[in-house]
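A.B. asks: Before we start, here is the structure in question, set down as structure tokens.
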Amino acid sequence: MGVAKTPFKAENTLKRFKQKLFTFFCFSFLVFSAFLFNGCSKKDYSEFCASADEFLEAQGFQGTVLVAEKDKIIYARGFGSSDEKHKKSPENSVDTIYEIGSITKQMTAAAIMQQVEKGKLSLDDTIDRFFPDYKYAPQITVRMLLNMRSGLLDHINGPEEFFGARQAKNIAKKEMAGKPVDRDLVLKALYKAELLTKPDTTYFYSNTNYYLLALILEQVSGLTYDHYMQKNIFEKAEMKTANVEFQKTDSAGYYRGNYYSIPRNMALGCGDVNAGVMDLLAWNRAYAGGKIISKKSFKEVTDSESYGFGVYCSENSILHSGSTYCFNSYNEYFPAEKISIIVLSNKPQFEMNATMVAGRIKKLFFPPVESEKQEK
């Protein structure tokens with residue numbers, strides 16, 4: 001789907017939007033089923049499904065919501081137009097493909113763990129093995145990249161600090177026009193940029209960590225990132241419609257009337273996957289089920305008190321939100337109960353917040369225990 005080409009607006013407008021947009025919260029039968037299923041799975045969940053319908057319709061929600069437990073899809077329904085600028089566009093459905101933004105990161109992390117399991121990489125390798133010309137590389141390990149503890153600046157959320165004001169302005173122009181940026185743009189700027197903090201002293205969410213992990217993956221696997229993800233992540237997880245191609249979705253979102261996306265060579269490894277709810281359901285099941293990495297490795301990557309390996313870890317779930325210019329998303333998985341709660345929207349985050357929608361869906365699905373009722 002093509003991008004709408006628009007006149008360039010002042011870069012501070014884009015920066016303000018980015019500040020709003022990139023707010024991150026710390027906190028094969030599937031595709032065939034998607035064609036058949038739209039609604040509630042069985043009578044046992046009819047009250048939840050009715051409440052979910054009422055809430056989402058009242059919100060004017062635009063996107064797709066899925067709730068599943070074990071091998072059952074409990075609720076799956078699309079709302080609103082897949083492209084609100086074109087009246088003949090179909091409604092969103094359980095098959096609609098969206099940009100999923102930073103949910104990408106858990107897949108990049110899994111790909112890295114596959115290489116660790118093969119002995120091609122160690123989590124404690126310093127990255128001078130891969131980027132010998134980078135002056136801070138001997139201080140940074142693969143594990144620090146995965147856990148957002150490298151001290152690197154963020155090339156997406158803070159482009160002026162990372163690239164410099166002039167280059168950030170040029171990138172903004174290309175983004176708005178749907179034009180690509182050079183493959184080595186981020187790496188060249190990284191070599192000149194200073195660190196935000198000393199490595200392994202603090203957590204700081206930076207997309208640059210996962211951009212570098214994608215480049216490391218290419219070096220150790222001998223495959224392009226695109227080929228590797230298709231062969232070793234999407235196909236193994238049976239994610240039938242997932243891809244990493246620029247704007248290869250069947251939905252469009254708009255910011256101030258314009259549809260544009262983060263360039264591929266900026267989003268590499270950190271926010272470039274497109275997928276639907278059925279793809280993410282397949283991913284959750286395969287990732288936790290030992291089809292992507294071993295169950296031992298899965299336990300290791302989800303054994304965190306906060307953020308690690310592309311997910312936020314709570315006491316009983318792993319989760320991540322995602323946000324691009326015109327889409328936002330949320331994916332949460334409860335390993336013990338095998339419950340997935342997935343919300344994808346073709347609206348900008350400040351217009352339709354997928355994380356907040358998911359929070360309400362969770363409250364409807366998990367009734368408060370008696371002690372919580374009494375506290376209220």
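In the structure tokens, chains take letters A, B, ... by order of appearance, with residues numbered from 1 within each chain and ligands from 1 in the order shown.
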Using DSSP on the backbone coordinates, identify the residues of range 240-322 of chain A assigned to alpha helix (DSSP H); present them as a list of chain:residue names.
C.D. replies: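 Assigned to alpha helix (DSSP H), within range 240-322 of chain A: A:Arg264, A:Asn265, A:Met266, A:Ala267, A:Val277, A:Met278, A:Asp279, A:Leu280, A:Leu281, A:Ala282, A:Trp283, A:Asn284, A:Arg285, A:Ala286, A:Tyr287, A:Ala288, A:Lys295, A:Lys296, A:Ser297, A:Phe298, A:Lys299, A:Glu300, A:Val301.
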A.B. asks: Let's see if you can do this: from backbone DSSP, list all strand (DSSP E or B) residues in range 124-336 of chain A, as a count of residues only.
C.D. replies: 25
A.B. asks: Return the single residue from A:Lys198, A:Asp182, A:Ile127, A:Asp250 that is closest to Val94 in chain A, with distances computed using only C-alpha atoms.
C.D. replies: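 That would be A:Asp250, the residue with the smallest distance to Val94 in chain A.
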A.B. asks: Pick the closest to Met352 in chain A from A:Asn331, A:Asn207, A:Gln115, A:Ser323: which is it, counting only C-alpha atoms?
C.D. replies: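 Closest to Met352 in chain A of all the choices is A:Ser323.
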A.B. asks: Do a neighbour search on Asp124 in chain A at 10 Å with only C-alpha atoms, toss out local chain neighbours closer than 6 positions, and write the hits as a PyMOL selection string.
C.D. replies: chain A and resi 140-144
A.B. asks: With only C-alpha atoms as the counted atoms, please give the residues lying no more than 10 Å from Ile339 in chain A, apart from itself and same-chain residues fewer than 5 positions off, as a PDB file with all heavy atoms, in the first residue's frame.
C.D. replies:
```pdb
ATOM      1  N   VAL A  67      -8.880 -12.329  21.964  1.00  0.00           N
ATOM      2  CA  VAL A  67      -8.601 -12.947  23.251  1.00  0.00           C
ATOM      3  C   VAL A  67      -8.680 -14.458  23.056  1.00  0.00           C
ATOM      4  O   VAL A  67      -9.649 -14.967  22.489  1.00  0.00           O
ATOM      5  CB  VAL A  67      -9.607 -12.508  24.337  1.00  0.00           C
ATOM      6  CG1 VAL A  67      -9.301 -13.203  25.668  1.00  0.00           C
ATOM      7  CG2 VAL A  67      -9.578 -10.992  24.518  1.00  0.00           C
ATOM      8  N   ALA A  68      -7.648 -15.169  23.491  1.00  0.00           N
ATOM      9  CA  ALA A  68      -7.625 -16.626  23.344  1.00  0.00           C
ATOM     10  C   ALA A  68      -7.100 -17.269  24.619  1.00  0.00           C
ATOM     11  O   ALA A  68      -6.305 -16.676  25.344  1.00  0.00           O
ATOM     12  CB  ALA A  68      -6.745 -17.027  22.162  1.00  0.00           C
ATOM     13  N   GLU A  69      -7.565 -18.474  24.890  1.00  0.00           N
ATOM     14  CA  GLU A  69      -7.107 -19.243  26.036  1.00  0.00           C
ATOM     15  C   GLU A  69      -6.829 -20.665  25.583  1.00  0.00           C
ATOM     16  O   GLU A  69      -7.700 -21.325  25.017  1.00  0.00           O
ATOM     17  CB  GLU A  69      -8.156 -19.235  27.147  1.00  0.00           C
ATOM     18  CG  GLU A  69      -7.711 -19.968  28.406  1.00  0.00           C
ATOM     19  CD  GLU A  69      -8.728 -19.846  29.538  1.00  0.00           C
ATOM     20  OE1 GLU A  69      -9.863 -19.397  29.267  1.00  0.00           O
ATOM     21  OE2 GLU A  69      -8.381 -20.189  30.672  1.00  0.00           O
ATOM     22  N   LYS A  70      -5.591 -21.109  25.808  1.00  0.00           N
ATOM     23  CA  LYS A  70      -5.151 -22.431  25.365  1.00  0.00           C
ATOM     24  C   LYS A  70      -5.425 -22.572  23.868  1.00  0.00           C
ATOM     25  O   LYS A  70      -4.980 -21.746  23.084  1.00  0.00           O
ATOM     26  CB  LYS A  70      -5.801 -23.509  26.213  1.00  0.00           C
ATOM     27  CG  LYS A  70      -5.381 -23.421  27.679  1.00  0.00           C
ATOM     28  CD  LYS A  70      -6.022 -24.483  28.534  1.00  0.00           C
ATOM     29  CE  LYS A  70      -5.575 -24.315  29.989  1.00  0.00           C
ATOM     30  NZ  LYS A  70      -6.238 -25.283  30.893  1.00  0.00           N
ATOM     31  N   ASP A  71      -6.190 -23.583  23.448  1.00  0.00           N
ATOM     32  CA  ASP A  71      -6.419 -23.771  22.017  1.00  0.00           C
ATOM     33  C   ASP A  71      -7.730 -23.156  21.548  1.00  0.00           C
ATOM     34  O   ASP A  71      -8.173 -23.398  20.426  1.00  0.00           O
ATOM     35  CB  ASP A  71      -6.390 -25.262  21.667  1.00  0.00           C
ATOM     36  CG  ASP A  71      -7.463 -26.055  22.391  1.00  0.00           C
ATOM     37  OD1 ASP A  71      -8.035 -25.520  23.374  1.00  0.00           O
ATOM     38  OD2 ASP A  71      -7.723 -27.202  21.982  1.00  0.00           O
ATOM     39  N   LYS A  72      -8.365 -22.345  22.397  1.00  0.00           N
ATOM     40  CA  LYS A  72      -9.658 -21.756  22.054  1.00  0.00           C
ATOM     41  C   LYS A  72      -9.532 -20.251  21.793  1.00  0.00           C
ATOM     42  O   LYS A  72      -8.932 -19.529  22.586  1.00  0.00           O
ATOM     43  CB  LYS A  72     -10.661 -21.968  23.195  1.00  0.00           C
ATOM     44  CG  LYS A  72     -10.916 -23.430  23.555  1.00  0.00           C
ATOM     45  CD  LYS A  72     -11.667 -24.158  22.448  1.00  0.00           C
ATOM     46  CE  LYS A  72     -12.008 -25.577  22.893  1.00  0.00           C
ATOM     47  NZ  LYS A  72     -12.709 -26.322  21.809  1.00  0.00           N
ATOM     48  N   ILE A  73     -10.107 -19.804  20.706  1.00  0.00           N
ATOM     49  CA  ILE A  73     -10.263 -18.373  20.474  1.00  0.00           C
ATOM     50  C   ILE A  73     -11.581 -17.960  21.116  1.00  0.00           C
ATOM     51  O   ILE A  73     -12.653 -18.402  20.711  1.00  0.00           O
ATOM     52  CB  ILE A  73     -10.264 -18.050  18.973  1.00  0.00           C
ATOM     53  CG1 ILE A  73      -8.925 -18.422  18.344  1.00  0.00           C
ATOM     54  CG2 ILE A  73     -10.543 -16.553  18.763  1.00  0.00           C
ATOM     55  CD1 ILE A  73      -8.887 -18.251  16.840  1.00  0.00           C
ATOM     56  N   ILE A  74     -11.497 -17.132  22.121  1.00  0.00           N
ATOM     57  CA  ILE A  74     -12.679 -16.724  22.881  1.00  0.00           C
ATOM     58  C   ILE A  74     -13.378 -15.549  22.219  1.00  0.00           C
ATOM     59  O   ILE A  74     -14.603 -15.504  22.121  1.00  0.00           O
ATOM     60  CB  ILE A  74     -12.272 -16.367  24.328  1.00  0.00           C
ATOM     61  CG1 ILE A  74     -11.772 -17.630  25.034  1.00  0.00           C
ATOM     62  CG2 ILE A  74     -13.420 -15.725  25.093  1.00  0.00           C
ATOM     63  CD1 ILE A  74     -11.012 -17.351  26.295  1.00  0.00           C
ATOM     64  N   LEU A 281      -1.188 -14.419  17.674  1.00  0.00           N
ATOM     65  CA  LEU A 281      -1.631 -15.561  18.459  1.00  0.00           C
ATOM     66  C   LEU A 281      -0.740 -16.768  18.172  1.00  0.00           C
ATOM     67  O   LEU A 281      -0.295 -17.473  19.095  1.00  0.00           O
ATOM     68  CB  LEU A 281      -3.085 -15.903  18.141  1.00  0.00           C
ATOM     69  CG  LEU A 281      -3.653 -17.154  18.816  1.00  0.00           C
ATOM     70  CD1 LEU A 281      -3.593 -17.051  20.334  1.00  0.00           C
ATOM     71  CD2 LEU A 281      -5.079 -17.416  18.339  1.00  0.00           C
ATOM     72  N   ASN A 284       2.656 -16.170  19.917  1.00  0.00           N
ATOM     73  CA  ASN A 284       2.640 -16.404  21.361  1.00  0.00           C
ATOM     74  C   ASN A 284       2.699 -17.891  21.682  1.00  0.00           C
ATOM     75  O   ASN A 284       3.441 -18.328  22.565  1.00  0.00           O
ATOM     76  CB  ASN A 284       1.378 -15.795  21.987  1.00  0.00           C
ATOM     77  CG  ASN A 284       1.380 -14.281  21.977  1.00  0.00           C
ATOM     78  OD1 ASN A 284       2.418 -13.645  21.790  1.00  0.00           O
ATOM     79  ND2 ASN A 284       0.207 -13.688  22.174  1.00  0.00           N
ATOM     80  N   ARG A 285       1.907 -18.654  20.968  1.00  0.00           N
ATOM     81  CA  ARG A 285       1.844 -20.093  21.220  1.00  0.00           C
ATOM     82  C   ARG A 285       3.161 -20.783  20.859  1.00  0.00           C
ATOM     83  O   ARG A 285       3.653 -21.644  21.597  1.00  0.00           O
ATOM     84  CB  ARG A 285       0.689 -20.703  20.438  1.00  0.00           C
ATOM     85  CG  ARG A 285      -0.689 -20.310  20.955  1.00  0.00           C
ATOM     86  CD  ARG A 285      -1.791 -20.754  20.012  1.00  0.00           C
ATOM     87  NE  ARG A 285      -3.123 -20.593  20.617  1.00  0.00           N
ATOM     88  CZ  ARG A 285      -4.251 -20.785  19.966  1.00  0.00           C
ATOM     89  NH1 ARG A 285      -4.228 -21.137  18.689  1.00  0.00           N
ATOM     90  NH2 ARG A 285      -5.423 -20.625  20.574  1.00  0.00           N
ATOM     91  N   SER A 317       2.750 -12.431  33.382  1.00  0.00           N
ATOM     92  CA  SER A 317       2.606 -12.262  31.941  1.00  0.00           C
ATOM     93  C   SER A 317       3.830 -11.577  31.351  1.00  0.00           C
ATOM     94  O   SER A 317       4.652 -11.009  32.066  1.00  0.00           O
ATOM     95  CB  SER A 317       1.358 -11.435  31.613  1.00  0.00           C
ATOM     96  OG  SER A 317       1.543 -10.070  31.951  1.00  0.00           O
ATOM     97  N   GLU A 332      -0.124  -9.191  24.885  1.00  0.00           N
ATOM     98  CA  GLU A 332       0.200  -9.715  26.206  1.00  0.00           C
ATOM     99  C   GLU A 332      -0.107 -11.201  26.236  1.00  0.00           C
ATOM    100  O   GLU A 332      -1.125 -11.651  25.723  1.00  0.00           O
ATOM    101  CB  GLU A 332      -0.595  -9.002  27.295  1.00  0.00           C
ATOM    102  CG  GLU A 332      -0.206  -9.440  28.701  1.00  0.00           C
ATOM    103  CD  GLU A 332      -0.742  -8.543  29.801  1.00  0.00           C
ATOM    104  OE1 GLU A 332      -1.564  -7.645  29.483  1.00  0.00           O
ATOM    105  OE2 GLU A 332      -0.348  -8.733  30.960  1.00  0.00           O
ATOM    106  N   TYR A 333       0.809 -11.940  26.861  1.00  0.00           N
ATOM    107  CA  TYR A 333       0.651 -13.394  26.954  1.00  0.00           C
ATOM    108  C   TYR A 333       0.884 -13.844  28.386  1.00  0.00           C
ATOM    109  O   TYR A 333       1.838 -13.420  29.042  1.00  0.00           O
ATOM    110  CB  TYR A 333       1.639 -14.096  26.032  1.00  0.00           C
ATOM    111  CG  TYR A 333       1.451 -15.602  25.983  1.00  0.00           C
ATOM    112  CD1 TYR A 333       0.323 -16.155  25.390  1.00  0.00           C
ATOM    113  CD2 TYR A 333       2.407 -16.460  26.522  1.00  0.00           C
ATOM    114  CE1 TYR A 333       0.137 -17.531  25.347  1.00  0.00           C
ATOM    115  CE2 TYR A 333       2.228 -17.845  26.476  1.00  0.00           C
ATOM    116  CZ  TYR A 333       1.093 -18.371  25.890  1.00  0.00           C
ATOM    117  OH  TYR A 333       0.904 -19.726  25.851  1.00  0.00           O
ATOM    118  N   PHE A 334      -0.029 -14.692  28.871  1.00  0.00           N
ATOM    119  CA  PHE A 334       0.054 -15.261  30.212  1.00  0.00           C
ATOM    120  C   PHE A 334       0.486 -16.722  30.057  1.00  0.00           C
ATOM    121  O   PHE A 334      -0.350 -17.581  29.743  1.00  0.00           O
ATOM    122  CB  PHE A 334      -1.308 -15.178  30.904  1.00  0.00           C
ATOM    123  CG  PHE A 334      -1.799 -13.767  31.125  1.00  0.00           C
ATOM    124  CD1 PHE A 334      -2.365 -13.038  30.079  1.00  0.00           C
ATOM    125  CD2 PHE A 334      -1.690 -13.165  32.370  1.00  0.00           C
ATOM    126  CE1 PHE A 334      -2.821 -11.742  30.271  1.00  0.00           C
ATOM    127  CE2 PHE A 334      -2.138 -11.868  32.583  1.00  0.00           C
ATOM    128  CZ  PHE A 334      -2.697 -11.151  31.536  1.00  0.00           C
TER     129      PHE A 334
END
```
A.B. asks: Nearest residue to Arg264 in chain A out of A:Glu175, A:Asp125, A:Asp133, A:Asp95, using only C-alpha atoms?
C.D. replies: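 Of A:Glu175, A:Asp125, A:Asp133, A:Asp95, the one nearest Arg264 in chain A, counting only C-alpha atoms, is A:Glu175.
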A.B. asks: How far is it from CA of Lys362 in chain A to CA of Val311 in chain A, in Å with one decimal?
C.D. replies: 18.1 Å
A.B. asks: Quick one: residues within 10 Å of Tyr203 in chain A, only C-alpha atoms counted, chain neighbours fewer than 5 positions away excluded, as a list in words?
C.D. replies: Met144, Asn147, Met148, Arg149, Ser150, Gly151, Thr197, Ser306, Tyr307 and Gly308 of chain A
A.B. asks: Write the selection just made, keeping all heavy atoms, as a PDB file, in the first residue's frame?
C.D. replies:
```pdb
ATOM      1  N   MET A 144      23.410  -6.541  27.088  1.00  0.00           N
ATOM      2  CA  MET A 144      23.043  -5.150  27.381  1.00  0.00           C
ATOM      3  C   MET A 144      22.124  -4.587  26.305  1.00  0.00           C
ATOM      4  O   MET A 144      21.186  -3.837  26.605  1.00  0.00           O
ATOM      5  CB  MET A 144      24.291  -4.281  27.498  1.00  0.00           C
ATOM      6  CG  MET A 144      25.144  -4.558  28.702  1.00  0.00           C
ATOM      7  SD  MET A 144      26.632  -3.503  28.677  1.00  0.00           S
ATOM      8  CE  MET A 144      27.725  -4.442  29.730  1.00  0.00           C
ATOM      9  N   ASN A 147      18.655  -5.992  26.898  1.00  0.00           N
ATOM     10  CA  ASN A 147      18.016  -5.514  28.122  1.00  0.00           C
ATOM     11  C   ASN A 147      17.945  -3.993  28.216  1.00  0.00           C
ATOM     12  O   ASN A 147      17.598  -3.456  29.269  1.00  0.00           O
ATOM     13  CB  ASN A 147      18.753  -6.067  29.340  1.00  0.00           C
ATOM     14  CG  ASN A 147      18.604  -7.570  29.473  1.00  0.00           C
ATOM     15  OD1 ASN A 147      17.682  -8.158  28.918  1.00  0.00           O
ATOM     16  ND2 ASN A 147      19.507  -8.206  30.201  1.00  0.00           N
ATOM     17  N   MET A 148      18.262  -3.300  27.118  1.00  0.00           N
ATOM     18  CA  MET A 148      18.202  -1.831  27.084  1.00  0.00           C
ATOM     19  C   MET A 148      19.097  -1.204  28.166  1.00  0.00           C
ATOM     20  O   MET A 148      18.734  -0.237  28.816  1.00  0.00           O
ATOM     21  CB  MET A 148      16.752  -1.338  27.273  1.00  0.00           C
ATOM     22  CG  MET A 148      15.761  -1.843  26.257  1.00  0.00           C
ATOM     23  SD  MET A 148      15.969  -1.019  24.654  1.00  0.00           S
ATOM     24  CE  MET A 148      14.545  -1.650  23.757  1.00  0.00           C
ATOM     25  N   ARG A 149      20.301  -1.748  28.309  1.00  0.00           N
ATOM     26  CA  ARG A 149      21.237  -1.239  29.305  1.00  0.00           C
ATOM     27  C   ARG A 149      22.580  -0.850  28.684  1.00  0.00           C
ATOM     28  O   ARG A 149      23.608  -0.800  29.348  1.00  0.00           O
ATOM     29  CB  ARG A 149      21.458  -2.270  30.415  1.00  0.00           C
ATOM     30  CG  ARG A 149      20.190  -2.558  31.234  1.00  0.00           C
ATOM     31  CD  ARG A 149      20.485  -3.512  32.384  1.00  0.00           C
ATOM     32  NE  ARG A 149      21.442  -2.960  33.339  1.00  0.00           N
ATOM     33  CZ  ARG A 149      21.128  -2.159  34.349  1.00  0.00           C
ATOM     34  NH1 ARG A 149      19.858  -1.789  34.536  1.00  0.00           N
ATOM     35  NH2 ARG A 149      22.058  -1.719  35.172  1.00  0.00           N
ATOM     36  N   SER A 150      22.564  -0.540  27.405  1.00  0.00           N
ATOM     37  CA  SER A 150      23.803  -0.216  26.689  1.00  0.00           C
ATOM     38  C   SER A 150      24.243   1.232  26.873  1.00  0.00           C
ATOM     39  O   SER A 150      25.405   1.558  26.668  1.00  0.00           O
ATOM     40  CB  SER A 150      23.611  -0.480  25.194  1.00  0.00           C
ATOM     41  OG  SER A 150      22.633   0.420  24.675  1.00  0.00           O
ATOM     42  N   GLY A 151      23.291   2.099  27.206  1.00  0.00           N
ATOM     43  CA  GLY A 151      23.596   3.526  27.280  1.00  0.00           C
ATOM     44  C   GLY A 151      23.495   4.254  25.957  1.00  0.00           C
ATOM     45  O   GLY A 151      23.802   5.447  25.867  1.00  0.00           O
ATOM     46  N   THR A 197      24.481   7.250  28.779  1.00  0.00           N
ATOM     47  CA  THR A 197      24.987   6.856  30.091  1.00  0.00           C
ATOM     48  C   THR A 197      26.081   5.812  29.916  1.00  0.00           C
ATOM     49  O   THR A 197      26.219   5.212  28.847  1.00  0.00           O
ATOM     50  CB  THR A 197      23.879   6.243  30.978  1.00  0.00           C
ATOM     51  OG1 THR A 197      23.379   5.055  30.346  1.00  0.00           O
ATOM     52  CG2 THR A 197      22.743   7.225  31.192  1.00  0.00           C
ATOM     53  N   SER A 306      11.690  -6.536  35.102  1.00  0.00           N
ATOM     54  CA  SER A 306      11.174  -5.384  34.348  1.00  0.00           C
ATOM     55  C   SER A 306      11.240  -5.672  32.853  1.00  0.00           C
ATOM     56  O   SER A 306      10.385  -6.368  32.316  1.00  0.00           O
ATOM     57  CB  SER A 306      11.955  -4.119  34.715  1.00  0.00           C
ATOM     58  OG  SER A 306      13.350  -4.321  34.492  1.00  0.00           O
ATOM     59  N   TYR A 307      12.293  -5.157  32.172  1.00  0.00           N
ATOM     60  CA  TYR A 307      12.402  -5.308  30.721  1.00  0.00           C
ATOM     61  C   TYR A 307      13.592  -6.185  30.370  1.00  0.00           C
ATOM     62  O   TYR A 307      14.677  -6.045  30.930  1.00  0.00           O
ATOM     63  CB  TYR A 307      12.580  -3.948  30.047  1.00  0.00           C
ATOM     64  CG  TYR A 307      12.495  -4.025  28.533  1.00  0.00           C
ATOM     65  CD1 TYR A 307      11.298  -3.769  27.887  1.00  0.00           C
ATOM     66  CD2 TYR A 307      13.594  -4.381  27.767  1.00  0.00           C
ATOM     67  CE1 TYR A 307      11.200  -3.862  26.505  1.00  0.00           C
ATOM     68  CE2 TYR A 307      13.511  -4.487  26.393  1.00  0.00           C
ATOM     69  CZ  TYR A 307      12.316  -4.219  25.765  1.00  0.00           C
ATOM     70  OH  TYR A 307      12.224  -4.330  24.400  1.00  0.00           O
ATOM     71  N   GLY A 308      13.370  -7.065  29.420  1.00  0.00           N
ATOM     72  CA  GLY A 308      14.471  -7.858  28.907  1.00  0.00           C
ATOM     73  C   GLY A 308      14.044  -8.672  27.710  1.00  0.00           C
ATOM     74  O   GLY A 308      12.906  -9.141  27.628  1.00  0.00           O
TER      75      GLY A 308
END
```
A.B. asks: Determine, for each residue of range 75-154 of chain A having at least one atom at most 9 Å from an atom of range 51-59 of chain A, the closest pair of atoms and their separation in Å to one decimal, counting only C-alpha atoms; order by chain and ascending number, as a Markdown table.
C.D. replies:
```
| residue | atom | partner | partner_atom | distance |
| --- | --- | --- | --- | --- |
| A:Tyr75 | CA | A:Ala52 | CA | 8.7 |
| A:Arg77 | CA | A:Asp53 | CA | 8.7 |
| A:Phe79 | CA | A:Glu57 | CA | 7.9 |
```
A.B. asks: Which residue gives the smallest distance to Ser102 in chain A among A:Asp184, A:Glu315, A:Asp279, A:Asp272, with only C-alpha atoms counted?
C.D. replies: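 Looking at the shortest contact to Ser102 in chain A, the residue is A:Asp272.
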A.B. asks: Taking 5 positions as the minimum chain separation for residues in the same chain, which residues sit within 6 Å of range 239-248 of chain A when counting only C-alpha atoms? Answer as an MDAnalysis selection string.
C.D. replies: chainID A and resid 1 234 272:275 279
A.B. asks: For Pro263 in chain A, find every residue with an atom within 8 Å (counting only C-alpha atoms), except residues of its own chain fewer than 2 positions away, and show them as a list in words.
C.D. replies: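 So, after excluding close chain neighbours, the residues are Glu175, Gly178, Lys179, Pro180, Val181, Phe246, Ser261, Asn265, Met266 and Ala267 of chain A.
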A.B. asks: Got time to write the residues from that selection, N, CA, C and O atoms, as a PDB file, in the first residue's frame?
C.D. replies:
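Result went into out_23.pdb, see below:
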```pdb
ATOM      1  N   GLU A 175      10.770  10.653   5.418  1.00  0.00           N
ATOM      2  CA  GLU A 175       9.683   9.906   6.048  1.00  0.00           C
ATOM      3  C   GLU A 175       8.333  10.367   5.518  1.00  0.00           C
ATOM      4  O   GLU A 175       7.465   9.559   5.185  1.00  0.00           O
ATOM      5  N   GLY A 178       7.679   9.213   2.031  1.00  0.00           N
ATOM      6  CA  GLY A 178       7.700   7.778   1.789  1.00  0.00           C
ATOM      7  C   GLY A 178       8.945   7.300   1.078  1.00  0.00           C
ATOM      8  O   GLY A 178       8.941   6.262   0.418  1.00  0.00           O
ATOM      9  N   LYS A 179      10.035   8.052   1.218  1.00  0.00           N
ATOM     10  CA  LYS A 179      11.281   7.686   0.543  1.00  0.00           C
ATOM     11  C   LYS A 179      12.203   6.922   1.491  1.00  0.00           C
ATOM     12  O   LYS A 179      12.209   7.175   2.691  1.00  0.00           O
ATOM     13  N   PRO A 180      12.998   6.010   0.961  1.00  0.00           N
ATOM     14  CA  PRO A 180      13.909   5.246   1.816  1.00  0.00           C
ATOM     15  C   PRO A 180      15.095   6.075   2.279  1.00  0.00           C
ATOM     16  O   PRO A 180      15.420   7.107   1.686  1.00  0.00           O
ATOM     17  N   VAL A 181      15.727   5.613   3.340  1.00  0.00           N
ATOM     18  CA  VAL A 181      16.985   6.204   3.786  1.00  0.00           C
ATOM     19  C   VAL A 181      18.083   5.166   3.577  1.00  0.00           C
ATOM     20  O   VAL A 181      17.815   3.975   3.425  1.00  0.00           O
ATOM     21  N   PHE A 246       8.140  -2.866   3.634  1.00  0.00           N
ATOM     22  CA  PHE A 246       7.664  -1.521   3.890  1.00  0.00           C
ATOM     23  C   PHE A 246       6.210  -1.356   3.459  1.00  0.00           C
ATOM     24  O   PHE A 246       5.864  -1.581   2.300  1.00  0.00           O
ATOM     25  N   SER A 261       5.127   5.994   7.127  1.00  0.00           N
ATOM     26  CA  SER A 261       5.686   4.999   8.036  1.00  0.00           C
ATOM     27  C   SER A 261       7.161   5.275   8.286  1.00  0.00           C
ATOM     28  O   SER A 261       7.812   5.982   7.516  1.00  0.00           O
ATOM     29  N   ASN A 265      14.970   1.108   6.809  1.00  0.00           N
ATOM     30  CA  ASN A 265      16.343   1.143   7.298  1.00  0.00           C
ATOM     31  C   ASN A 265      16.501   1.932   8.590  1.00  0.00           C
ATOM     32  O   ASN A 265      17.617   2.057   9.105  1.00  0.00           O
ATOM     33  N   MET A 266      15.406   2.435   9.114  1.00  0.00           N
ATOM     34  CA  MET A 266      15.386   3.011  10.459  1.00  0.00           C
ATOM     35  C   MET A 266      14.731   2.037  11.437  1.00  0.00           C
ATOM     36  O   MET A 266      15.123   1.934  12.597  1.00  0.00           O
ATOM     37  N   ALA A 267      13.738   1.300  10.949  1.00  0.00           N
ATOM     38  CA  ALA A 267      12.945   0.423  11.809  1.00  0.00           C
ATOM     39  C   ALA A 267      13.497  -0.992  11.901  1.00  0.00           C
ATOM     40  O   ALA A 267      12.947  -1.823  12.634  1.00  0.00           O
TER      41      ALA A 267
END
```
